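Pasted below: target.cif, mmCIF, C-alpha atoms and all ligand atoms.
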data_query
loop_
_atom_site.label_atom_id
_atom_site.label_comp_id
_atom_site.auth_asym_id
_atom_site.auth_seq_id
_atom_site.Cartn_x
_atom_site.Cartn_y
_atom_site.Cartn_z
CA MET A 2 120.19 84.91 80.13
CA THR A 3 118.74 87.68 78.04
CA VAL A 4 117.96 89.67 81.15
CA GLU A 5 121.60 90.59 81.63
CA TYR A 6 121.30 93.01 78.74
CA ILE A 7 119.24 95.39 80.82
CA THR A 8 121.33 97.31 83.34
CA SER A 9 120.07 97.72 86.90
CA LYS A 10 119.83 101.48 86.45
CA ASN A 11 117.87 101.16 83.22
CA LEU A 12 115.48 98.74 84.85
CA PHE A 13 114.92 101.21 87.71
CA LEU A 14 114.21 103.96 85.16
CA LEU A 15 111.94 101.65 83.16
CA ILE A 16 109.91 101.00 86.32
CA CYS A 17 109.59 104.77 86.93
CA ASP A 18 108.60 105.37 83.31
CA ALA A 19 106.04 102.56 83.33
CA LEU A 20 104.40 103.90 86.50
CA ASN A 21 104.46 107.33 84.93
CA LEU A 22 102.14 105.99 82.24
CA MET A 23 99.47 105.56 84.93
CA ASP A 24 100.03 108.79 86.84
CA LYS A 25 102.84 111.30 86.75
CA SER A 26 102.23 113.04 90.08
CA LEU A 27 102.49 109.85 92.11
CA VAL A 28 105.85 108.97 90.55
CA LYS A 29 107.12 112.48 91.14
CA HIS A 30 106.12 112.19 94.79
CA GLY A 31 107.83 108.77 94.92
CA THR A 32 111.10 110.02 93.47
CA ARG A 33 111.19 113.04 95.80
CA VAL A 34 110.55 110.82 98.81
CA SER A 35 113.20 108.46 97.48
CA TYR A 36 115.73 111.29 97.23
CA ILE A 37 115.02 112.61 100.73
CA MET A 38 115.21 109.11 102.14
CA SER A 39 118.55 108.41 100.42
CA ARG A 40 120.09 111.51 101.97
CA MET A 41 118.74 110.63 105.41
CA LEU A 42 120.19 107.12 105.10
CA GLU A 43 123.55 108.61 104.07
CA CYS A 44 123.47 110.65 107.27
CA LYS A 45 122.58 107.62 109.36
CA GLY A 46 125.54 105.75 107.87
CA GLY A 47 126.38 102.06 107.89
CA TYR A 48 124.86 101.26 104.48
CA GLU A 49 126.53 100.17 101.28
CA LYS A 50 125.57 102.38 98.33
CA PHE A 51 123.62 99.55 96.69
CA GLU A 52 121.64 99.01 99.90
CA ILE A 53 120.57 102.64 99.83
CA ALA A 54 119.62 102.16 96.18
CA ASP A 55 117.31 99.28 97.18
CA PHE A 56 115.54 101.52 99.68
CA MET A 57 115.30 104.19 97.00
CA LEU A 58 113.45 101.80 94.74
CA LEU A 59 111.12 100.88 97.58
CA ALA A 60 110.50 104.58 98.24
CA VAL A 61 109.61 105.16 94.59
CA LEU A 62 107.09 102.34 94.88
CA HIS A 63 105.71 103.24 98.34
CA ASP A 64 102.28 104.37 97.09
CA ILE A 65 101.93 101.74 94.36
CA GLY A 66 98.85 100.29 96.06
CA ALA A 67 97.01 103.54 95.36
CA TYR A 68 96.85 102.72 91.65
CA LYS A 69 94.60 99.88 92.67
CA THR A 70 92.66 101.05 95.70
CA ASP A 71 92.17 104.79 95.37
CA ASP A 72 91.81 107.76 93.26
CA VAL A 73 95.58 107.92 92.64
CA ARG A 74 95.83 111.51 93.81
CA LYS A 75 94.36 110.74 97.22
CA PRO A 76 97.57 109.70 99.03
CA LEU A 77 99.08 113.00 97.91
CA SER A 78 96.59 115.08 99.79
CA TYR A 79 97.70 116.27 103.14
CA GLU A 80 94.61 115.26 105.04
CA ALA A 81 94.03 111.91 103.32
CA LYS A 82 91.73 109.92 105.56
CA ASN A 83 91.64 106.22 104.91
CA VAL A 84 95.23 105.42 104.09
CA LEU A 85 95.00 101.72 104.93
CA PRO A 86 93.80 100.22 101.64
CA HIS A 87 96.72 101.53 99.58
CA SER A 88 99.23 100.69 102.35
CA ILE A 89 97.98 97.11 102.52
CA TYR A 90 97.72 96.54 98.79
CA GLY A 91 101.15 98.09 98.20
CA TYR A 92 102.67 95.95 100.95
CA LEU A 93 101.28 92.71 99.53
CA PHE A 94 102.07 93.70 95.95
CA LEU A 95 105.74 94.13 96.84
CA LYS A 96 105.78 91.13 99.15
CA TYR A 97 104.52 88.67 96.53
CA LEU A 98 105.49 90.26 93.25
CA SER A 99 108.81 92.04 93.79
CA PRO A 100 112.24 91.12 95.14
CA LEU A 101 111.64 93.50 98.08
CA THR A 102 109.83 90.85 100.14
CA GLU A 103 111.70 91.59 103.37
CA GLN A 104 111.34 95.35 103.09
CA SER A 105 107.71 95.27 101.99
CA LYS A 106 106.31 95.75 105.50
CA MET A 107 107.76 99.25 105.44
CA ILE A 108 104.93 100.02 103.03
CA LEU A 109 102.34 98.60 105.40
CA TYR A 110 103.53 100.95 108.14
CA HIS A 111 104.27 104.05 106.10
CA HIS A 112 101.26 105.94 107.50
CA VAL A 113 101.24 104.42 110.99
CA ASP A 114 102.15 106.53 114.02
CA THR A 115 105.44 105.83 115.77
CA SER A 116 103.60 105.37 119.05
CA LYS A 117 101.77 102.42 117.48
CA ILE A 118 104.71 100.59 115.93
CA GLN A 119 107.36 101.36 118.51
CA GLY A 120 108.97 98.20 119.83
CA ILE A 121 107.52 95.80 117.27
CA ASP A 122 109.88 93.14 116.06
CA TYR A 123 110.79 94.23 112.55
CA ALA A 124 114.27 94.44 111.09
CA TYR A 125 113.52 97.58 109.09
CA LEU A 126 111.75 99.62 111.73
CA GLU A 127 114.29 102.46 111.67
CA GLU A 128 114.15 102.64 107.88
CA THR A 129 110.36 102.67 108.13
CA GLU A 130 110.57 105.74 110.36
CA ILE A 131 112.91 107.37 107.87
CA LEU A 132 110.52 106.64 105.03
CA LYS A 133 107.64 108.13 107.02
CA VAL A 134 109.50 111.38 107.68
CA ALA A 135 110.71 111.62 104.06
CA GLU A 136 107.17 111.03 102.82
CA ILE A 137 105.45 113.57 105.08
CA THR A 138 108.14 116.12 104.25
CA ASP A 139 107.21 115.98 100.58
CA ILE A 140 103.47 116.03 101.31
CA TRP A 141 103.85 119.09 103.53
CA MET A 142 106.17 120.90 101.10
CA ARG A 143 103.44 120.52 98.51
CA ALA A 144 100.59 121.44 100.85
CA PHE A 145 102.16 124.47 102.55
CA GLY A 146 104.23 125.86 99.69
CA ASP A 147 106.17 128.92 100.82
CA LYS A 148 104.90 128.51 104.35
CA PHE A 149 106.50 125.09 104.71
CA ASP A 150 108.96 124.84 107.57
CA TYR A 151 110.44 121.46 108.43
CA HIS A 152 110.45 122.40 112.12
CA MET A 153 106.73 121.64 111.92
CA LEU A 154 107.76 118.06 112.63
CA GLU A 155 108.85 118.99 116.19
CA LYS A 156 105.25 118.87 117.33
CA TYR A 157 104.98 115.19 116.46
CA LYS A 158 108.25 113.98 117.97
CA GLY A 159 107.74 110.57 119.53
CA THR A 160 104.04 110.41 118.67
CA LYS A 161 103.65 110.38 114.90
CA PHE A 162 107.33 110.32 113.99
CA SER A 163 110.43 109.04 115.74
CA GLU A 164 112.84 111.51 117.26
CA LYS A 165 115.76 109.81 115.59
CA ALA A 166 114.27 110.05 112.11
CA ILE A 167 113.46 113.73 112.58
CA ALA A 168 117.05 114.34 113.68
CA LEU A 169 118.25 112.63 110.49
CA LEU A 170 116.12 114.97 108.40
CA TYR A 171 117.72 117.97 110.12
CA GLU A 172 121.13 116.48 109.44
CA ALA A 173 120.28 115.93 105.77
CA VAL A 174 119.17 119.56 105.47
CA GLU A 175 122.43 120.70 107.00
CA LYS A 176 124.68 118.40 105.03
CA TYR A 177 123.00 118.19 101.61
CA ASP A 178 120.82 121.29 101.45
CA ILE A 179 117.98 119.07 100.33
CA PHE A 180 115.20 121.67 100.39
CA THR A 181 116.97 124.01 97.99
CA LYS A 182 117.51 121.09 95.61
CA LEU A 183 113.93 119.90 95.93
CA ALA A 184 112.66 123.41 95.28
CA ASP A 185 114.78 124.11 92.19
CA GLY A 186 114.63 120.56 90.78
CA THR A 187 118.38 119.86 90.97
CA TYR A 188 117.66 116.94 93.31
CA GLN A 189 116.75 115.02 90.18
CA GLN A 190 120.33 114.98 88.99
CA GLU A 191 121.53 113.63 92.34
CA PHE A 192 118.70 111.12 92.33
CA GLU A 193 119.82 109.77 88.95
CA GLU A 194 123.46 109.71 90.01
CA SER A 195 122.55 107.52 92.97
CA LEU A 196 120.96 105.06 90.56
CA GLU A 197 124.44 104.18 89.28
CA TYR A 198 124.71 102.12 92.44
CA VAL A 199 121.60 100.02 91.91
CA LEU A 200 122.87 96.46 91.85
CA LEU A 201 120.36 93.79 90.88
CA SER A 202 121.04 90.11 90.33
CA ASP A 203 119.62 88.46 87.20
CA GLU A 204 117.00 86.85 89.38
CA GLU A 205 115.96 90.20 90.84
CA LYS A 206 115.82 91.76 87.40
CA ASP A 207 113.59 88.96 86.19
CA LYS A 208 111.30 89.48 89.16
CA TYR A 209 111.08 93.24 88.58
CA ILE A 210 110.24 92.72 84.92
CA ARG A 211 107.52 90.32 85.97
CA MET A 212 106.37 92.90 88.53
CA LEU A 213 106.01 95.39 85.68
CA MET A 214 103.69 92.96 83.90
CA TYR A 215 101.67 92.58 87.13
CA CYS A 216 101.29 96.38 87.15
CA THR A 217 98.80 95.99 84.30
CA GLY A 218 96.63 94.18 86.86
CA LEU A 219 96.44 97.39 88.88
CA LYS A 220 94.21 98.61 86.04
CA ASP A 221 92.70 95.42 84.72
CA GLU A 222 92.98 91.97 86.34
CA GLU A 223 91.99 90.21 83.13
CA MET A 224 95.02 91.57 81.39
CA VAL A 225 97.38 89.81 83.80
CA ALA A 226 95.62 86.49 83.36
CA ASN A 227 95.67 86.83 79.56
CA THR A 228 99.31 87.91 79.45
CA ILE A 229 100.39 84.99 81.62
CA GLU A 230 98.52 82.58 79.42
CA THR A 231 100.01 84.19 76.31
CA ILE A 232 103.51 83.75 77.77
CA CYS A 233 102.77 80.09 78.46
CA VAL A 234 101.43 79.47 74.94
CA CYS A 235 104.54 81.19 73.52
CA ARG A 236 106.74 78.90 75.59
CA GLU A 237 105.00 75.73 74.50
CA LEU A 238 105.08 76.83 70.87
CA ALA A 239 108.75 77.75 71.04
CA ALA A 240 109.53 74.37 72.63
CA LYS A 241 107.59 72.47 69.93
CA MET A 242 109.49 74.39 67.28
CA ARG A 243 112.78 73.58 68.99
CA LEU A 244 113.97 77.16 69.17
CA SER A 245 117.27 77.94 70.92
CA GLU A 246 117.38 78.94 74.61
CA MET A 247 118.32 82.46 73.54
CA ASP A 248 115.29 82.72 71.24
CA LYS A 249 112.99 81.30 73.93
CA ASN A 250 114.24 83.87 76.40
CA GLU A 251 113.69 86.72 73.98
CA ILE A 252 110.15 85.58 73.32
CA TYR A 253 109.54 85.27 77.07
CA TYR A 254 110.62 88.86 77.81
CA GLY A 255 108.89 90.16 74.71
CA ALA A 256 105.66 88.50 75.84
CA LEU A 257 106.09 89.81 79.40
CA LEU A 258 106.53 93.39 78.26
CA HIS A 259 104.37 93.57 75.14
CA ASP A 260 101.22 95.21 76.56
CA LEU A 261 102.78 97.50 79.19
CA GLY A 262 101.82 100.48 77.03
CA MET A 263 98.22 99.70 78.02
CA LEU A 264 98.97 101.34 81.39
CA THR A 265 98.32 104.62 79.65
CA ILE A 266 94.89 103.64 78.24
CA PRO A 267 91.82 104.71 80.26
CA THR A 268 90.31 101.72 82.08
CA ASN A 269 86.82 102.33 80.68
CA LEU A 270 88.14 101.71 77.16
CA LEU A 271 89.95 98.48 78.01
CA ASN A 272 86.78 96.51 78.55
CA ALA A 273 84.13 98.66 76.93
CA PRO A 274 81.06 96.49 76.27
CA ARG A 275 80.40 98.17 72.93
CA LYS A 276 81.91 98.84 69.54
CA LEU A 277 84.67 101.42 69.87
CA GLU A 278 84.84 104.66 67.90
CA ASP A 279 87.70 105.03 65.41
CA SER A 280 89.35 107.61 67.63
CA GLU A 281 89.22 105.20 70.56
CA ILE A 282 90.71 102.38 68.52
CA ASN A 283 93.52 104.69 67.45
CA LEU A 284 94.14 105.63 71.07
CA ILE A 285 94.39 101.99 72.12
CA ARG A 286 96.74 101.31 69.23
CA THR A 287 99.22 103.83 70.61
CA HIS A 288 100.10 101.29 73.32
CA VAL A 289 102.56 99.62 70.96
CA ASN A 290 104.62 102.73 70.21
CA ILE A 291 104.51 103.81 73.85
CA ILE A 292 106.10 100.64 75.18
CA THR A 293 108.52 100.40 72.24
CA GLN A 294 109.83 103.86 73.05
CA LEU A 295 110.27 103.06 76.75
CA LEU A 296 112.28 99.94 75.90
CA GLN A 297 114.53 101.68 73.37
CA GLY A 298 118.20 101.46 74.42
CA ARG A 299 117.27 99.50 77.53
CA VAL A 300 116.56 95.95 76.38
CA SER A 301 118.00 94.10 73.38
CA LYS A 302 116.79 94.99 69.90
CA ASN A 303 115.48 91.46 69.36
CA ILE A 304 113.11 91.86 72.31
CA ILE A 305 111.96 95.26 71.10
CA ASP A 306 111.30 93.80 67.65
CA ILE A 307 109.06 91.13 69.19
CA VAL A 308 107.16 93.69 71.29
CA GLU A 309 106.78 96.15 68.46
CA ALA A 310 105.37 93.56 66.04
CA HIS A 311 102.81 91.93 68.32
CA HIS A 312 99.88 93.44 66.42
CA GLU A 313 101.49 93.18 62.98
CA ARG A 314 100.23 90.51 60.57
CA PHE A 315 102.17 88.72 57.85
CA ASP A 316 99.88 90.04 55.08
CA GLY A 317 100.58 93.65 56.08
CA SER A 318 97.16 94.21 57.67
CA GLY A 319 98.49 94.81 61.18
CA TYR A 320 99.78 97.88 63.01
CA PRO A 321 101.63 100.13 63.83
CA LYS A 322 103.82 99.81 60.72
CA GLY A 323 101.88 97.44 58.50
CA LEU A 324 104.97 95.22 58.20
CA LYS A 325 104.84 92.28 55.80
CA GLY A 326 105.98 88.68 56.14
CA GLY A 327 109.42 89.06 54.59
CA SER A 328 110.54 91.55 57.22
CA MET A 329 109.38 89.51 60.23
CA ASN A 330 110.66 86.34 61.89
CA GLU A 331 109.14 83.33 63.64
CA LYS A 332 109.71 84.76 67.14
CA GLN A 333 107.49 87.71 66.26
CA ALA A 334 104.99 85.31 64.69
CA ILE A 335 104.83 83.21 67.87
CA LEU A 336 103.72 86.15 70.03
CA GLN A 337 101.26 87.35 67.35
CA ILE A 338 99.58 83.98 67.10
CA ALA A 339 99.72 83.11 70.82
CA GLU A 340 98.12 86.41 71.78
CA THR A 341 95.43 86.10 69.14
CA VAL A 342 94.50 82.60 70.23
CA VAL A 343 94.40 83.47 73.95
CA ASN A 344 92.24 86.50 73.18
CA MET A 345 89.83 84.42 71.14
CA SER A 346 89.58 81.81 73.89
CA VAL A 347 88.24 84.17 76.57
CA ASP A 348 84.91 85.96 77.01
CA LYS A 349 84.97 89.68 76.26
CA PRO A 350 82.34 92.18 77.43
CA TYR A 351 81.23 92.53 73.80
CA ARG A 352 81.37 88.86 72.67
CA LYS A 353 81.55 85.28 73.90
CA ALA A 354 84.70 83.17 73.84
CA TYR A 355 85.38 81.29 70.60
CA SER A 356 85.03 77.51 70.64
CA LYS A 357 88.01 75.34 69.76
CA GLU A 358 86.47 74.71 66.31
CA GLU A 359 86.05 78.43 65.69
CA ILE A 360 89.64 79.12 66.73
CA MET A 361 90.88 76.37 64.39
CA GLU A 362 88.89 77.88 61.57
CA GLU A 363 90.33 81.33 62.26
CA LEU A 364 93.86 79.93 62.30
CA ASN A 365 93.26 78.07 59.07
CA ASN A 366 91.77 81.15 57.39
CA GLY A 367 94.73 83.15 58.70
CA ILE A 368 97.16 80.77 57.02
CA VAL A 369 95.23 80.80 53.73
CA ASP A 370 94.97 84.63 53.71
CA GLY A 371 98.63 84.98 54.61
CA LYS A 372 97.79 86.79 57.85
CA PHE A 373 99.57 84.28 60.06
CA GLU A 374 103.01 82.82 59.56
CA GLY A 375 102.33 79.31 58.21
CA ILE A 376 104.78 77.17 60.20
CA VAL A 377 103.90 78.66 63.60
CA ALA A 378 100.15 78.58 62.98
CA ASP A 379 100.40 75.04 61.64
CA THR A 380 102.40 73.90 64.69
CA LEU A 381 99.73 75.31 66.97
CA MET A 382 96.90 73.68 65.00
CA LYS A 383 98.59 70.27 64.97
CA ASN A 384 99.32 70.36 68.73
CA TYR A 385 96.41 72.48 69.85
CA ASP A 386 95.11 70.41 72.80
CA ASP A 387 98.57 69.59 74.08
CA ILE A 388 99.83 73.18 73.91
CA MET A 389 96.70 74.79 75.32
CA THR A 390 96.29 72.32 78.20
CA LYS A 391 99.91 72.67 79.30
CA ALA A 392 99.80 76.45 78.92
CA ARG A 393 96.60 76.71 80.96
CA GLU A 394 97.99 74.52 83.74
CA LYS A 395 101.13 76.60 84.00
CA ALA A 396 99.19 79.86 83.82
CA ASP A 397 96.88 78.73 86.64
CA ALA A 398 99.86 77.80 88.81
CA THR A 399 101.40 81.25 88.24
CA LEU A 400 98.15 83.02 89.01
CA VAL A 401 97.96 81.44 92.45
CA THR A 402 100.35 84.06 93.84
CA HIS A 403 98.24 86.77 92.37
CA GLN A 404 95.10 85.37 93.95
CA LYS A 405 96.88 85.05 97.29
CA LEU A 406 97.50 88.77 97.12
CA LYS A 407 93.81 89.50 96.81
CA ARG A 408 92.78 87.08 99.55
CA ASN A 409 95.43 88.31 101.95
CA SER A 410 94.61 91.97 101.46
CA GLU A 411 91.15 91.35 102.95
CA GLN A 412 92.69 89.39 105.83
CA VAL A 413 95.32 92.03 106.62
CA TYR A 414 92.65 94.72 106.51
CA LYS A 415 90.54 92.84 109.06
CA ASN A 416 93.52 92.28 111.38
CA PHE A 417 94.53 95.90 111.17
CA THR A 418 91.13 97.37 111.89
CA LYS A 419 90.34 94.97 114.74
FE FE A 501 103.16 108.85 99.80
FE FE A 502 100.90 106.54 101.15
FE FE A 503 98.73 94.71 72.53
#
Would it be possible to restate this file's structure as C-alpha cells?
Amino acid sequence: MTVEYITSKNLFLLICDALNLMDKSLVKHGTRVSYIMSRMLECKGGYEKFEIADFMLLAVLHDIGAYKTDDVRKPLSYEAKNVLPHSIYGYLFLKYLSPLTEQSKMILYHHVDTSKIQGIDYAYLEETEILKVAEITDIWMRAFGDKFDYHMLEKYKGTKFSEKAIALLYEAVEKYDIFTKLADGTYQQEFEESLEYVLLSDEEKDKYIRMLMYCTGLKDEEMVANTIETICVCRELAAKMRLSEMDKNEIYYGALLHDLGMLTIPTNLLNAPRKLEDSEINLIRTHVNIITQLLQGRVSKNIIDIVEAHHERFDGSGYPKGLKGGSMNEKQAILQIAETVVNMSVDKPYRKAYSKEEIMEELNNGIVDGKFEGIVADTLMKNYDDIMTKAREKADATLVTHQKLKRNSEQVYKNFTK
C-alpha cells in the first residue's frame, strides 16, 4: 500500500496544514486546546500515549464544523450564541468521514453544560468534559488577556463544567506549567513532541486522507462530487491500461489530494458565474503549488509528481511549469485527462455541460494538437461509455455517505432543539 509511506505524524501535520489553508486562527485554537487536553489526560492517567494522541487529533478538529456552518471566527468569540450548527456538523463530519467515529459525539457535546449531559450513557463522557474545560480555557485566555485567571472556572463547577475536569486542569497547571507555555509559545514544541506517538493503521491513514478530500466540500460541495468522479474515472482508466497495483495506488492518492490547495481560494471565485480576471485566474492557479508544497517530504515523490502535473498538458500549454510530454508519464496523463473529462461533463455557472459528442471531439482535438497523451486519451475514447458508466455508479455509491451527513444534520438539529 502506498499509504504506508506517509508517517502518522506527518499525516497529522498535513491535516493541520490543510485546515490552515482555510483559516489560521481556528487551527491555532484547535492546537492549543489539543495541548491543554493532552496534559489534562496525562494527569488523569490510564491512557497509552497513542490514545492521548488520538484525542489530540480530535481536539484539533473540534471546531471543524464551523468551516461549513459559520463565519469561522464565530466559535472563537467568548459569547458565541448559537453553537449548535457547528457542533452538529463537526460531529457528523467526524462520524462519517473520519476514523474517529466512536469519539465523534464528544464534538456534539463540546458546548453543552455538564448539568445537561451528566449521567448519559456515553463511553467518552469524561473525555468530553476534559475537552470542554480545555476549550473554554483557551477561549477565556484569549478574551481576558492579562486578566485571565483559571480560577474563574470555580463559579461553574457542576453546572457548566464537571468538578473532576476542573480539578484536572489545576493539576495540569501545577505539573506542566501549561499557562506559561501557552503564553510564550513553547507549548508548540511539546505539542509536536507528543505527535511522535500518533499511531495510525493503514486503514486509518486512508480514511484521514479521504477526510482531507472531503474538507473541500466544507467550501464547495460540487468539488467533492467532481473529485470523487475523477478518482473513479482514473481507476477505470488505470484498470483498462493494466497498470500495476502500485501505479494504481499512486494515481488514487494523487487524485484524492490534487485539489486540496483550493481550500485557500475564496469561495466566490470557485464558482463565479462570469469570466475571471487575469489576476483571479493566477490566484486560482496557485492551488497547485500550495498543495505540492504541503505534500513535500510527506508522501512519495511519485504521488507529488501526479498532483503537481494535474494541470500540465503534453504540448507544454499547461501550468504551473509548462512541462512537455517527454518529461511526463502516463500516470500524470490519466489524472489530467480524467479531470478534464469530468469537468466538461458537468454544468458550470458560466456554461452548460458538454455532450458526449462534444467531449469526444475535444479529446480527439487534444490528441491531434498533442495536448493529451495519445494512449490514455485513446483508451478513454474507445471505452467511453463503459468507463464513464462504471465511474458514475461508483461515485454515486461513495457520495451516499456524504448525503447522509447532510440529511442527518437536519435531523440531529431537530432532536436537539426539541
Ligand atoms: Fe472551540
Ligand atoms: Fe466550538
Ligand atoms: Fe486543480
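The binding environment of ligand FE 502 (chain A), defined as every protein, DNA or RNA residue with an atom no more than 7 Å away and counting all atoms listed in the file, comprises His63, Asp64, Pro76, Val84, His87, Ser88, His111 and His112 of chain A.
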Spatial neighbours of region 197-205 of chain A, max dist 12 Å, only C-alpha atoms, sep filter under 4 positions, as a PyMOL selection string: chain A and resi 2-14+39+49-59+98-102+190-193+209-212
For Gly323 (chain A): contacts at 8 Å, only C-alpha atoms, fewer than 6 positions along chain excluded, given as number ranges by chain: A: 313-314, 317
Env of region 325-327 of chain A: 9 Å cut, atoms = all atoms listed in the file, seq-sep filter 3 positions within chain, self excluded. Answer as a ChimeraX atom specification. /A:313-319,330,371-374
List every residue of chain A that has an atom at most 10 Å from any atom of ligand FE 501 (chain A), and for each one report the closest atom pair and its distance in Å to one decimal, counting only C-alpha atoms and all ligand atoms, with rows sorted by chain and then by increasing residue number, as a tab-separated table.
residue	atom	partner	partner_atom	distance
A:Leu27	CA	A:FE501	FE	7.8
A:Val28	CA	A:FE501	FE	9.6
A:His30	CA	A:FE501	FE	6.7
A:Gly31	CA	A:FE501	FE	6.8
A:Arg33	CA	A:FE501	FE	9.9
A:Val34	CA	A:FE501	FE	7.7
A:Ala60	CA	A:FE501	FE	8.6
A:Val61	CA	A:FE501	FE	9.1
A:Leu62	CA	A:FE501	FE	9.1
A:His63	CA	A:FE501	FE	6.3
A:Asp64	CA	A:FE501	FE	5.3
A:Ile65	CA	A:FE501	FE	9.0
A:Ala67	CA	A:FE501	FE	9.3
A:Arg74	CA	A:FE501	FE	9.8
A:Lys75	CA	A:FE501	FE	9.4
A:Pro76	CA	A:FE501	FE	5.7
A:Leu77	CA	A:FE501	FE	6.1
A:Ser78	CA	A:FE501	FE	9.1
A:Tyr79	CA	A:FE501	FE	9.8
A:Val84	CA	A:FE501	FE	9.6
A:His87	CA	A:FE501	FE	9.8
A:Ser88	CA	A:FE501	FE	9.4
A:Ile108	CA	A:FE501	FE	9.6
A:His111	CA	A:FE501	FE	8.0
A:His112	CA	A:FE501	FE	8.4
A:Leu132	CA	A:FE501	FE	9.3
A:Lys133	CA	A:FE501	FE	8.5
A:Ala135	CA	A:FE501	FE	9.1
A:Glu136	CA	A:FE501	FE	5.5
A:Ile137	CA	A:FE501	FE	7.4
A:Thr138	CA	A:FE501	FE	9.9
A:Asp139	CA	A:FE501	FE	8.2
A:Ile140	CA	A:FE501	FE	7.3
May I ask you to write as a PDB file with C-alpha atoms, in the coordinates of the input all residues lying at most 10 Å from ligand FE 503 (chain A), with all atoms listed in the file counted?
ATOM      1  CA  THR A 228      99.310  87.910  79.450  1.00  0.00           C
ATOM      2  CA  ALA A 256     105.660  88.500  75.840  1.00  0.00           C
ATOM      3  CA  LEU A 258     106.530  93.390  78.260  1.00  0.00           C
ATOM      4  CA  HIS A 259     104.370  93.570  75.140  1.00  0.00           C
ATOM      5  CA  ASP A 260     101.220  95.210  76.560  1.00  0.00           C
ATOM      6  CA  LEU A 261     102.780  97.500  79.190  1.00  0.00           C
ATOM      7  CA  GLY A 262     101.820 100.480  77.030  1.00  0.00           C
ATOM      8  CA  MET A 263      98.220  99.700  78.020  1.00  0.00           C
ATOM      9  CA  ILE A 285      94.390 101.990  72.120  1.00  0.00           C
ATOM     10  CA  ARG A 286      96.740 101.310  69.230  1.00  0.00           C
ATOM     11  CA  THR A 287      99.220 103.830  70.610  1.00  0.00           C
ATOM     12  CA  HIS A 288     100.100 101.290  73.320  1.00  0.00           C
ATOM     13  CA  VAL A 289     102.560  99.620  70.960  1.00  0.00           C
ATOM     14  CA  ILE A 292     106.100 100.640  75.180  1.00  0.00           C
ATOM     15  CA  VAL A 308     107.160  93.690  71.290  1.00  0.00           C
ATOM     16  CA  GLU A 309     106.780  96.150  68.460  1.00  0.00           C
ATOM     17  CA  ALA A 310     105.370  93.560  66.040  1.00  0.00           C
ATOM     18  CA  HIS A 311     102.810  91.930  68.320  1.00  0.00           C
ATOM     19  CA  HIS A 312      99.880  93.440  66.420  1.00  0.00           C
ATOM     20  CA  GLN A 337     101.260  87.350  67.350  1.00  0.00           C
ATOM     21  CA  GLU A 340      98.120  86.410  71.780  1.00  0.00           C
ATOM     22  CA  THR A 341      95.430  86.100  69.140  1.00  0.00           C
TER      23      THR A 341
END
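The space between CA of Ile232 (chain A) and CA of Met345 (chain A) spans 15.2 Å.
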Have a look at A:Leu170, A:Ile266, A:Pro274, A:Met107 and name the one nearest to Cys44 (chain A); count all atoms listed in the file. A:Leu170
Pairwise distance, CA of Thr32 (chain A) with CA of Lys158 (chain A), equals 25.0 Å
Using only C-alpha atoms, what does the table of region 28-126 of chain A residues within 12 Å of region 388-412 of chain A look like, with each row giving the shortest atom pair and its distance in Å to one decimal, sorted by chain and ascending number, as a tab-separated table?
residue	atom	partner	partner_atom	distance
A:Gly66	CA	A:Ser410	CA	10.8
A:Lys69	CA	A:Lys407	CA	11.2
A:Thr70	CA	A:Ser410	CA	10.9
A:Leu85	CA	A:Ser410	CA	10.4
A:Pro86	CA	A:Ser410	CA	8.3
A:His87	CA	A:Ser410	CA	10.0
A:Ser88	CA	A:Ser410	CA	9.9
A:Ile89	CA	A:Ser410	CA	6.2
A:Tyr90	CA	A:Ser410	CA	6.1
A:Gly91	CA	A:Ser410	CA	9.5
A:Tyr92	CA	A:Ser410	CA	9.0
A:Leu93	CA	A:Leu406	CA	6.0
A:Phe94	CA	A:Leu406	CA	6.8
A:Leu95	CA	A:Leu406	CA	9.8
A:Lys96	CA	A:Leu406	CA	8.8
A:Tyr97	CA	A:Thr402	CA	6.8
A:Leu98	CA	A:Thr402	CA	8.1
A:Ser99	CA	A:Thr402	CA	11.6
A:Leu109	CA	A:Ser410	CA	10.9
So how many Å separate CA of Asp306 (chain A) and CA of Leu244 (chain A), to one decimal? 16.9 Å
If the box runs along x, y and z of the file and leaves 6 Å on each side of region 372-384 of chain A, what are its centre and edge lengths in Å, one decimal, as JSON?
{"center_x": 100.8, "center_y": 78.5, "center_z": 63.3, "size_x": 19.9, "size_y": 28.5, "size_z": 22.9}
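Restricting the calculation to all atoms listed in the file, the smallest distance between Leu42 (chain A) and any of A:Thr129, A:Ser105, A:Thr115, A:Thr380 is found for A:Thr129.
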Report as a list in words all protein, DNA and RNA residues lying within 7 Å of Val134 (chain A), evaluated on only C-alpha atoms, omitting residues in the same chain fewer than 4 positions from it. Glu130, Thr138, Phe162, Ala166 and Ile167 of chain A
Write a file of the just-selected residues containing C-alpha atoms, as a compact mmCIF listing (two decimals), keeping the file's coordinate frame.
# COMPACT_ATOMS: atom_id res chain seq x y z
CA GLU A 130 110.57 105.74 110.36
CA THR A 138 108.14 116.12 104.25
CA PHE A 162 107.33 110.32 113.99
CA ALA A 166 114.27 110.05 112.11
CA ILE A 167 113.46 113.73 112.58
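Among A:Asp387, A:Asp147, A:Asp379, A:Glu127, the residue with the shortest atom-to-atom distance to Glu237 (chain A), counting all atoms listed in the file, is A:Asp387.
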Nearest residue to Met242 (chain A) out of A:Glu362, A:Glu222, A:Glu43, A:Glu331, using all atoms listed in the file? A:Glu331
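For the set A:Lys148, A:Lys383, A:Lys208, A:Lys106, the residue with the smallest atom-to-atom gap to Tyr125 (chain A) is A:Lys106, counting only C-alpha atoms.
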Could you list, as a compact mmCIF listing (two decimals) with C-alpha atoms, in the frame of the given file, every residue within 8 Å of region 172-179 of chain A, counting all atoms listed in the file and ignoring same-chain residues fewer than 5 positions away?
# COMPACT_ATOMS: atom_id res chain seq x y z
CA ILE A 37 115.02 112.61 100.73
CA ARG A 40 120.09 111.51 101.97
CA MET A 41 118.74 110.63 105.41
CA CYS A 44 123.47 110.65 107.27
CA TYR A 188 117.66 116.94 93.31
